[in-house]
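A.B. asks: Before anything else, here's the structure in question.
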Amino acid sequence: MVDTLGVAVVGFGWMGRVHTQAYARVPHHYPQLPLRPELVTVAEEVPGRAEEAAAQFGFASTTRDWREVAADPRVQAVSITAPNFLHREIGVAMAEAGKHIWIEKPVGLTADDARSVADAVAKAGVQSAVGFNYRNAPAVATARELIAAGDIGTVTHVRIRLFSDYAAHPEGALTWRYERERGGSGVLGDLASHGADLARFLLGDIASLTADTAIFVPERARPLGATAGHTRATGGALGPVENEDYVSCLLRFASGARGVLEASRVAVGEQNNYGFEVHGTKGAVFWDFRRMNELGVSRGTTYQDQPVSTVYVGPGDGEYAAFQPGAANSMGYDDLKVIEAHRFLRSIVEGTPYGATLADAVHSAAVLDAMARSAESGAWVTP
């Protein structure tokens with residue numbers, strides 16, 4: 001027997017659309033899941049946007065006030081894809097209302113925000129999922145298995161990069177993303193949060209770190225109307241960019257391994273250049289998001305001049321089999337969100353967490369807070 005689950009989406013920018021599409025696709029990729037998401041309502045304060053979402057995706061109702069979602073008895077699970085400064089308030093309210101929550105990173109503006117939502121979830125006994133989507137890539141899952149099995153020996157060092165150009169244009173609008181009060185951190189919360197999660201997912205806890213940050217585009221024009229994504233703006237009054245465009249960070253892991261994490265939102269010539277290189281005493285693994293379904297692997301006993309093989313992930317890797325029948329068939333970004341949605345729904349069915357949860361969000365947020373403290377003090381700090 002298949003049950004239905006009433007779901008809502010709060011905030012319908014690009015990520016709200018991605019969550020909605022993921023809910024719609026889950027039954028096709030995971031037909032054995034005894035639960036079907038039903039799109040009950042969408043909340044969006046921008047006039048007309050919720051109605052457009054309902055017309056396109058079939059939400060039964062719309063609202064401009066997310067509080068109506070918390071009070072709606074039809075809603076059992078909520079995707080929180082609103083701006084960062086709203087995550088804590090919405091997350092706590094939804095958990096207290098007994099709703100399961102799938103929330104985007106960073107969960108609020110600080111580690112304290114993430115802890116508040118995590119505490120509310122734990123107290124309410126509801127399930128949670130967090131949008132650390134890159135850990136869902138089958139190649140990343142395989143890399144983690146190779147590392148854990150000792151196939152590359154003892155890990156010595158890792159480099160994690162997240163370079164993008166989405167904020168490189170000087171006419172990029174001064175949206176909430178660039179304000180401390182509403183966006184919190186800049187590239188720390190947006191990209192380095194993924195790096196912190198990947199670092200821990202692959203290598204375990206971070207013991208200490210030292211970081212440096214910079215703002216390279218100090219002023220932007222204020223938008224003259226509603227925005228979505230990374231809109232350009234001309235003609236508006238200039239205002240200051242208050243959070244960082246760039247971060248570089250040295251990491252020391254509890255295992256003794258060392259690491260470098262670097263992220264930029266203004267890297268001209270870089271489009272979603274995300275990935276990692278993990279080196280061990282007997283080999284290495286390499287992953288590039290732009291070639292998401294490939295994994296570079298070096299292992300053996302040659303050490304010097306040891307070759308690197310390109311491995312195409314297949315049905316035996318991660319959750320690849322839910323999408324493609326044979327190796328080297330491509331998966332894409334939206335597929336990672338389908339995996340995330342499935343793990344969220346499976347957690348609700350079985351009452352056991354699957355995938356990234358608010359506990360993972362708290363760990364990532366603590367690392368981000370530590371980076372900010374280190375950049376200000378110039379010292380090594382403990383997350």
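Starting from 1 in every chain, residues are counted up; chains themselves are A, B, ... following the order of the structure tokens, and ligands are numbered from 1 as listed.
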List the spatial neighbours of region 252-263 of chain A as a ChimeraX atom specification - criterion: any atom at most 10 Å away, only C-alpha atoms, same-chain residues fewer than 2 positions off excluded.

C.D. replies: /A:154-164,187-188,190-196,199-200,203-213,245-250,265-267,273-274,276-280,380,382

A.B. asks: Between CA of Pro223 (chain A) and CA of Asn243 (chain A), what distance in Å does the model show, to one decimal?

C.D. replies: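 Those two atoms sit 17.7 Å apart.
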
A.B. asks: Considering only C-alpha atoms, return as a list in words whatever protein or nucleic-acid residues lie within 8 Å of region 39-51 of chain A, sequence-local ones (same chain, fewer than 5 positions apart) excluded.

C.D. replies: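 Close residues of region 39-51 of chain A: Gly6, Val7, Ala8, Val9, Val10, Gly11, Phe12, Gly58, Phe59, Ala60, Ser61, Thr62, Thr63, Arg64, Asp65, Trp66, Val69, Arg74, Val75 and Ala226 of chain A.
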
A.B. asks: Write out the residues from the selection above, keeping N, CA and C atoms, as a compact mmCIF listing (two decimals), in the first residue's frame.

C.D. replies:
```
# COMPACT_ATOMS: atom_id res chain seq x y z
N GLY A 6 1.61 15.01 2.50
CA GLY A 6 1.39 16.39 2.10
C GLY A 6 2.65 17.21 2.29
N VAL A 7 3.16 17.80 1.21
CA VAL A 7 4.38 18.60 1.30
C VAL A 7 4.11 20.03 0.87
N ALA A 8 4.92 20.93 1.42
CA ALA A 8 4.86 22.36 1.07
C ALA A 8 6.27 22.82 0.74
N VAL A 9 6.34 23.86 -0.06
CA VAL A 9 7.62 24.50 -0.38
C VAL A 9 7.52 25.96 0.05
N VAL A 10 8.46 26.39 0.88
CA VAL A 10 8.48 27.77 1.36
C VAL A 10 9.65 28.50 0.71
N GLY A 11 9.33 29.42 -0.18
CA GLY A 11 10.33 30.13 -0.95
C GLY A 11 10.46 29.51 -2.33
N PHE A 12 10.02 30.23 -3.36
CA PHE A 12 10.01 29.61 -4.68
C PHE A 12 10.89 30.36 -5.67
N GLY A 58 1.23 22.22 -10.00
CA GLY A 58 0.04 21.58 -9.46
C GLY A 58 -0.13 21.66 -7.96
N PHE A 59 0.48 22.63 -7.29
CA PHE A 59 0.19 22.83 -5.88
C PHE A 59 -1.31 23.10 -5.71
N ALA A 60 -1.89 22.55 -4.66
CA ALA A 60 -3.32 22.71 -4.45
C ALA A 60 -3.69 24.12 -3.99
N SER A 61 -2.74 24.82 -3.33
CA SER A 61 -3.04 26.15 -2.84
C SER A 61 -1.77 26.99 -2.76
N THR A 62 -1.93 28.27 -2.54
CA THR A 62 -0.80 29.20 -2.45
C THR A 62 -1.00 30.14 -1.28
N THR A 63 0.11 30.73 -0.85
CA THR A 63 0.05 31.73 0.21
C THR A 63 1.29 32.62 0.11
N ARG A 64 1.19 33.82 0.63
CA ARG A 64 2.36 34.70 0.72
C ARG A 64 2.94 34.69 2.13
N ASP A 65 2.31 33.97 3.04
CA ASP A 65 2.73 33.94 4.44
C ASP A 65 3.09 32.52 4.84
N TRP A 66 4.36 32.26 5.12
CA TRP A 66 4.79 30.91 5.46
C TRP A 66 4.15 30.42 6.76
N VAL A 69 1.52 27.93 6.36
CA VAL A 69 2.00 26.57 6.11
C VAL A 69 2.16 25.83 7.42
N ARG A 74 -2.90 19.89 6.51
CA ARG A 74 -2.65 19.04 5.33
C ARG A 74 -1.17 18.81 5.10
N VAL A 75 -0.34 19.69 5.64
CA VAL A 75 1.11 19.66 5.38
C VAL A 75 1.81 18.84 6.45
N ALA A 226 11.75 42.94 -7.83
CA ALA A 226 11.97 41.61 -7.28
C ALA A 226 13.07 40.90 -8.07
```

A.B. asks: Give the strand (DSSP E or B) residues of region 14-243 of chain A, as DSSP finds them on the backbone, and put them as a PyMOL selection string.

C.D. replies: chain A and resi 35-43+61-63+77-80+100-103+128-130+155-163+172+206-214+219-221+232+238-240

A.B. asks: Do you know which residues are at most 7 Å from Glu219 (chain A) counting only C-alpha atoms, after dropping those on the same chain fewer than 2 positions away, and could you put them as a compact mmCIF listing (two decimals) with N, CA and C atoms, in the first residue's frame?

C.D. replies:
```txt
# COMPACT_ATOMS: atom_id res chain seq x y z
N VAL A 217 34.68 42.64 -5.01
CA VAL A 217 33.73 43.55 -5.66
C VAL A 217 33.04 44.30 -4.52
N LEU A 238 24.20 52.57 -5.50
CA LEU A 238 25.25 51.64 -5.09
C LEU A 238 25.22 51.43 -3.58
N GLY A 239 25.50 50.22 -3.17
CA GLY A 239 25.61 49.90 -1.75
C GLY A 239 26.78 48.97 -1.51
N PRO A 240 27.24 48.86 -0.27
CA PRO A 240 28.42 48.06 0.02
C PRO A 240 28.13 46.56 0.06
N VAL A 241 29.06 45.77 -0.43
CA VAL A 241 29.03 44.32 -0.25
C VAL A 241 29.60 44.04 1.13
```

A.B. asks: State, in Å with one decimal place, the distance from CA of Thr20 (chain A) to CA of Ser79 (chain A).

C.D. replies: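 Computed distance, CA of Thr20 (chain A) to CA of Ser79 (chain A), equals 8.6 Å.
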
A.B. asks: Please, which residues of region 25-244 of chain A, numbered as in this document, come out helix (DSSP H, G or I) from DSSP, as a PyMOL selection string?

C.D. replies: chain A and resi 25-29+49-57+66-70+84-96+111-124+133-136+138-148+176-178+180-183+187-203

A.B. asks: For region 311-330 of chain A versus region 22-38 of chain A, which residues have an atom no more than 10 Å away, and what is each residue's nearest atom pair and distance in Å rounded to one decimal, using only C-alpha atoms, chain-then-number order, as JSON lines?

C.D. replies:
```
{"residue": "A:Ala321", "atom": "CA", "partner": "A:His29", "partner_atom": "CA", "distance": 9.1}
{"residue": "A:Ala322", "atom": "CA", "partner": "A:His29", "partner_atom": "CA", "distance": 5.4}
{"residue": "A:Phe323", "atom": "CA", "partner": "A:His29", "partner_atom": "CA", "distance": 6.4}
{"residue": "A:Gln324", "atom": "CA", "partner": "A:His29", "partner_atom": "CA", "distance": 9.7}
```

A.B. asks: Take the residues that were just selected and, keeping N, CA, C and O atoms, output them as a PDB file, in the first residue's frame.

C.D. replies:
```
ATOM      1  N   ALA A 321      22.086   3.358  -9.802  1.00  0.00           N
ATOM      2  CA  ALA A 321      21.167   2.393 -10.426  1.00  0.00           C
ATOM      3  C   ALA A 321      19.733   2.904 -10.492  1.00  0.00           C
ATOM      4  O   ALA A 321      18.939   2.425 -11.314  1.00  0.00           O
ATOM      5  N   ALA A 322      19.382   3.873  -9.669  1.00  0.00           N
ATOM      6  CA  ALA A 322      18.029   4.424  -9.717  1.00  0.00           C
ATOM      7  C   ALA A 322      17.825   5.340 -10.920  1.00  0.00           C
ATOM      8  O   ALA A 322      16.687   5.729 -11.212  1.00  0.00           O
ATOM      9  N   PHE A 323      18.917   5.654 -11.634  1.00  0.00           N
ATOM     10  CA  PHE A 323      18.837   6.618 -12.727  1.00  0.00           C
ATOM     11  C   PHE A 323      19.295   6.067 -14.071  1.00  0.00           C
ATOM     12  O   PHE A 323      18.728   6.433 -15.099  1.00  0.00           O
ATOM     13  N   GLN A 324      20.316   5.216 -14.067  1.00  0.00           N
ATOM     14  CA  GLN A 324      20.865   4.735 -15.321  1.00  0.00           C
ATOM     15  C   GLN A 324      21.178   3.244 -15.225  1.00  0.00           C
ATOM     16  O   GLN A 324      21.545   2.757 -14.151  1.00  0.00           O
TER      17      GLN A 324
END
```

A.B. asks: Have a look at CA of Gln304 (chain A) and CA of Ile152 (chain A) and let me know their distance in Å, one decimal.

C.D. replies: 13.7 Å

A.B. asks: For Glu294 (chain A), which residue among A:Pro138, A:Gly186, A:Gly326, A:Pro170 is the nearest when counting only C-alpha atoms?

C.D. replies: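 With only C-alpha atoms as the atom set, the closest residue is A:Pro138.
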
A.B. asks: With distances taken over only C-alpha atoms, which residue among A:Gly153, A:Gln21, A:Arg177, A:Asp113 lies nearest Ala366 (chain A)?

C.D. replies: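 Answer, going by the shortest atom-to-atom distance: A:Asp113.
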
A.B. asks: A:Gly184, A:Ala284, A:Lys99, A:Ala167: which is nearest Gln271 (chain A), counting only C-alpha atoms?

C.D. replies: A:Ala167
